[in-house]
>>> print(open('structure_18.tsv').read())   # TSV, C-alpha atoms and all ligand atoms
chain	number	residue	atom	x	y	z
A	325	MET	CA	37.82	-1.56	11.09
A	326	LEU	CA	35.45	-3.54	8.96
A	327	THR	CA	33.93	-6.46	10.75
A	328	CYS	CA	31.16	-8.75	9.72
A	329	SER	CA	28.90	-9.01	12.72
A	330	THR	CA	25.92	-11.29	12.78
A	331	THR	CA	22.70	-10.24	14.41
A	332	LYS	CA	21.13	-13.17	16.19
A	333	LEU	CA	17.41	-13.39	15.60
A	334	SER	CA	14.78	-14.60	17.95
A	335	VAL	CA	13.12	-17.03	15.62
A	336	ILE	CA	9.76	-18.45	16.51
A	337	VAL	CA	9.73	-22.09	15.64
A	338	ILE	CA	6.26	-23.39	16.37
A	339	ASP	CA	6.27	-26.67	14.56
A	340	LEU	CA	9.00	-27.61	12.15
A	341	HIS	CA	6.90	-30.39	10.75
A	342	TYR	CA	3.97	-28.15	9.91
A	343	LEU	CA	5.17	-27.23	6.46
A	344	PHE	CA	6.91	-30.45	5.61
A	345	SER	CA	3.98	-32.68	6.45
A	346	ARG	CA	1.66	-30.85	4.07
A	347	ASN	CA	1.10	-31.46	0.43
A	348	LEU	CA	2.40	-28.31	-1.19
A	349	THR	CA	-0.15	-27.81	-3.92
A	350	GLN	CA	0.17	-24.29	-5.19
A	351	TYR	CA	-2.68	-22.38	-6.76
A	352	PRO	CA	-1.56	-21.36	-10.24
A	353	GLY	CA	-1.30	-17.63	-10.87
A	354	GLU	CA	-2.17	-16.58	-7.40
A	355	CYS	CA	1.30	-16.30	-5.97
A	356	GLY	CA	2.89	-14.18	-8.67
A	357	VAL	CA	6.31	-14.95	-10.04
A	358	GLY	CA	7.74	-18.00	-8.34
A	359	SER	CA	11.38	-17.42	-9.23
A	360	LEU	CA	13.16	-14.19	-8.41
A	361	PHE	CA	16.60	-13.51	-9.89
A	362	LEU	CA	18.73	-10.81	-8.31
A	363	GLN	CA	21.67	-8.99	-9.82
A	364	VAL	CA	24.48	-7.97	-7.48
A	365	ASN	CA	23.14	-5.58	-4.84
A	366	GLU	CA	19.68	-5.69	-6.40
A	367	THR	CA	16.64	-5.55	-4.14
A	368	GLN	CA	13.20	-6.84	-5.03
A	369	ASN	CA	9.98	-6.75	-3.08
A	370	LEU	CA	8.00	-9.82	-2.22
A	371	THR	CA	4.56	-9.78	-0.67
A	372	SER	CA	1.83	-12.16	0.28
A	373	PRO	CA	-0.88	-12.39	-2.40
A	374	GLY	CA	-3.16	-9.36	-2.38
A	375	PHE	CA	-1.00	-7.36	0.00
A	376	PRO	CA	-1.79	-4.91	1.62
A	377	SER	CA	-5.21	-6.51	1.53
A	378	LEU	CA	-5.69	-9.61	3.63
A	379	TYR	CA	-4.37	-12.90	2.37
A	380	ARG	CA	-6.76	-15.80	2.11
A	381	ASN	CA	-7.23	-19.15	3.78
A	382	ASP	CA	-5.64	-22.40	2.58
A	383	LEU	CA	-2.89	-20.48	0.84
A	384	ILE	CA	0.38	-21.99	-0.26
A	385	CYS	CA	2.95	-19.97	-2.15
A	386	ARG	CA	6.55	-20.83	-2.73
A	387	TRP	CA	9.29	-18.59	-4.11
A	388	ILE	CA	12.89	-19.30	-4.98
A	389	VAL	CA	15.29	-16.34	-4.81
A	390	THR	CA	18.59	-16.63	-6.63
A	391	ALA	CA	21.63	-14.34	-6.72
A	392	ILE	CA	22.65	-14.76	-10.32
A	393	ASP	CA	25.70	-12.59	-10.83
A	394	ALA	CA	27.97	-13.62	-8.01
A	395	ILE	CA	27.86	-17.11	-6.64
A	396	GLU	CA	29.59	-15.91	-3.47
A	397	ASP	CA	26.72	-13.56	-2.71
A	398	ILE	CA	24.02	-14.53	-0.29
A	399	ILE	CA	20.40	-13.43	-0.01
A	400	TRP	CA	19.41	-10.92	2.63
A	401	VAL	CA	15.80	-10.75	3.72
A	402	LYS	CA	14.41	-7.63	5.37
A	403	PHE	CA	10.97	-7.79	6.96
A	404	ILE	CA	9.13	-4.53	6.27
A	405	THR	CA	5.63	-5.57	7.31
A	406	PHE	CA	4.81	-8.88	8.90
A	407	ASP	CA	1.42	-9.89	10.27
A	408	LEU	CA	0.28	-13.51	10.02
A	409	GLU	CA	-2.28	-15.24	12.20
A	410	ARG	CA	-0.14	-16.30	15.12
A	411	GLY	CA	0.42	-20.00	15.47
A	412	TYR	CA	-1.63	-20.96	12.42
A	413	ASP	CA	-0.20	-19.17	9.40
A	414	PHE	CA	3.52	-19.30	8.74
A	415	LEU	CA	6.23	-17.87	6.59
A	416	GLN	CA	9.12	-20.27	6.31
A	417	ILE	CA	12.52	-19.50	4.86
A	418	GLY	CA	15.36	-21.85	4.04
A	419	ASP	CA	18.59	-22.27	2.15
A	420	GLY	CA	18.71	-23.48	-1.42
A	421	ASP	CA	15.81	-24.32	-3.72
A	422	ASP	CA	14.30	-27.38	-2.06
A	423	SER	CA	11.62	-26.40	0.44
A	424	SER	CA	10.91	-30.06	1.14
A	425	ASP	CA	14.35	-30.44	2.70
A	426	GLU	CA	13.68	-29.91	6.39
A	427	SER	CA	17.37	-29.49	7.22
A	428	SER	CA	17.52	-26.38	5.03
A	429	LEU	CA	15.07	-24.43	7.19
A	430	ILE	CA	16.42	-21.10	8.48
A	431	GLY	CA	13.32	-19.89	10.28
A	432	SER	CA	9.58	-20.25	10.71
A	433	PHE	CA	7.75	-17.00	11.37
A	434	THR	CA	4.24	-16.28	12.59
A	435	GLY	CA	2.35	-13.52	14.37
A	436	ARG	CA	3.42	-9.89	14.22
A	437	LEU	CA	7.09	-9.15	13.82
A	438	LYS	CA	8.97	-5.88	13.84
A	439	LEU	CA	11.45	-4.92	11.18
A	440	HIS	CA	14.37	-7.26	11.12
A	441	VAL	CA	16.89	-8.84	8.80
A	442	LEU	CA	18.10	-12.36	8.18
A	443	SER	CA	20.27	-13.95	5.55
A	444	SER	CA	20.74	-17.19	3.71
A	445	ASN	CA	23.92	-19.24	3.92
A	446	GLU	CA	24.26	-19.57	0.18
A	447	PHE	CA	23.29	-17.90	-3.10
A	448	GLN	CA	19.78	-19.30	-3.12
A	449	LEU	CA	16.85	-19.09	-0.76
A	450	TRP	CA	13.36	-20.56	-0.66
A	451	ILE	CA	10.38	-18.78	0.88
A	452	VAL	CA	7.02	-20.38	1.57
A	453	ILE	CA	3.80	-19.03	3.04
A	454	VAL	CA	1.30	-21.56	4.32
A	455	THR	CA	-2.03	-20.55	5.84
A	456	ASP	CA	-4.66	-22.73	7.44
A	457	SER	CA	-8.43	-22.86	6.80
A	458	SER	CA	-9.52	-19.95	9.00
A	459	GLY	CA	-8.26	-16.64	10.35
A	460	ILE	CA	-6.49	-14.16	8.10
A	461	SER	CA	-4.31	-11.09	8.57
A	462	GLN	CA	-2.59	-8.49	6.44
A	463	GLY	CA	0.32	-10.70	5.41
A	464	PHE	CA	3.87	-9.73	4.71
A	465	HIS	CA	6.04	-7.39	2.72
A	466	ILE	CA	9.70	-8.31	2.61
A	467	GLU	CA	12.69	-7.13	0.61
A	468	VAL	CA	15.21	-9.61	-0.76
A	469	THR	CA	18.69	-8.39	-1.68
A	470	SER	CA	21.69	-10.09	-3.24
A	471	MET	CA	24.81	-8.98	-1.43
A	472	GLY	CA	28.02	-10.18	0.17
A	473	ARG	CA	28.03	-11.74	3.61
A	474	CYS	CA	28.85	-8.48	5.37
A	475	GLY	CA	26.44	-6.52	3.24
A	476	MET	CA	23.62	-5.58	5.54
A	477	SER	CA	25.08	-6.15	8.99
A	478	ASN	CA	24.69	-3.21	11.33
B	1	CA	CA	-5.12	-18.71	9.34
>>> encode(input="structure_18.tsv", output="structure tokens", more="lines below")
Ligand SMILES: [Ca+2]
Amino acid sequence: MLTCSTTKLSVIVIDLHYLFSRNLTQYPGECGVGSLFLQVNETQNLTSPGFPSLYRNDLICRWIVTAIDAIEDIIWVKFITFDLERGYDFLQIGDGDDSSDESSLIGSFTGRLKLHVLSSNEFQLWIVIVTDSSGISQGFHIEVTSMGRCGMSN
């Protein structure tokens, strides 16, 4: 029997207003390609700038991930490596392409996290890393995949 189970994540939400209260001025060229387009079942890697070297202070990068071939597909995010300064540096992920829309937030992640998977609710996903003025860590390596809603459930 094929069922579509959903794994509930323990999401650390430190301060939902942290990202949205900041002026998101991105540093040109530093963050790599800002728009990722995924074919059906395609996976691409996304890392913090300089990974696996340490990221830097006062960093803001924003990416938009879009499933282009099938509008019914959603975006799956798999955390491979995740190490941000706990409580001060954050990776935030939300639905759609508007990271200033607080209601679109799926999760806010900080500290060290083990491998896990989450998904968007639609065909587009935004991802933002914001770091403060001191304290750096290795950063993150995630995989983003365009797939149906049951695609990566266990
Ligand atoms: Ca920091």
>>> closest_residue(input="structure_18.tsv", among="A:Ile460, A:Val364, A:Ile430, A:Leu378", to="Asp413 (chain A)", atoms="all atoms listed in the file")
A:Ile460
>>> residues_near_ligand(input="structure_18.tsv", ligand="ligand CA 1 (chain B)", cutoff="7 Å", atoms="only C-alpha atoms and all ligand atoms", output="PDB file with C-alpha atoms, in the coordinates of the input")
ATOM      1  CA  ASN A 381      -7.230 -19.150   3.780  1.00  0.00           C
ATOM      2  CA  GLU A 409      -2.280 -15.240  12.200  1.00  0.00           C
ATOM      3  CA  TYR A 412      -1.630 -20.960  12.420  1.00  0.00           C
ATOM      4  CA  ASP A 413      -0.200 -19.170   9.400  1.00  0.00           C
ATOM      5  CA  THR A 455      -2.030 -20.550   5.840  1.00  0.00           C
ATOM      6  CA  ASP A 456      -4.660 -22.730   7.440  1.00  0.00           C
ATOM      7  CA  SER A 457      -8.430 -22.860   6.800  1.00  0.00           C
ATOM      8  CA  SER A 458      -9.520 -19.950   9.000  1.00  0.00           C
ATOM      9  CA  GLY A 459      -8.260 -16.640  10.350  1.00  0.00           C
ATOM     10  CA  ILE A 460      -6.490 -14.160   8.100  1.00  0.00           C
TER      11      ILE A 460
END
>>> residues_near_point(input="structure_18.tsv", point="(12.0, -10.9, -3.7)", cutoff="9 Å", atoms="all atoms listed in the file", output="ChimeraX atom specification")
/A:359-362,367-371,387-389,401,466-469
>>> closest_residue(input="structure_18.tsv", among="A:Trp450, A:Trp400, A:Phe433, A:Phe406", to="Gly418 (chain A)", atoms="only C-alpha atoms")
A:Trp450
>>> closest_residue(input="structure_18.tsv", among="A:Gln462, A:Asn365, A:Ser443, A:Ser428", to="Ala391 (chain A)", atoms="only C-alpha atoms")
A:Asn365
>>> closest_residue(input="structure_18.tsv", among="A:Gly420, A:Gly374, A:Gly463, A:Gly475", to="Gly356 (chain A)", atoms="all atoms listed in the file")
A:Gly374
>>> residues_around(input="structure_18.tsv", residues="Glu396 (chain A)", least_positions_apart="4", cutoff="12 Å", atoms="all atoms listed in the file", output="list in words")
Val364, Thr390, Ala391, Ile392, Ser444, Asn445, Glu446, Phe447, Gln448, Ser470, Met471, Gly472, Arg473, Cys474 and Gly475 of chain A
>>> closest_residue(input="structure_18.tsv", among="A:Phe464, A:Ser432, A:Cys355, A:Leu439", to="Leu408 (chain A)", atoms="all atoms listed in the file")
A:Phe464
>>> atom_distance(input="structure_18.tsv", atom1="CA of Glu426 (chain A)", atom2="CA of Gly358 (chain A)")
19.9 Å
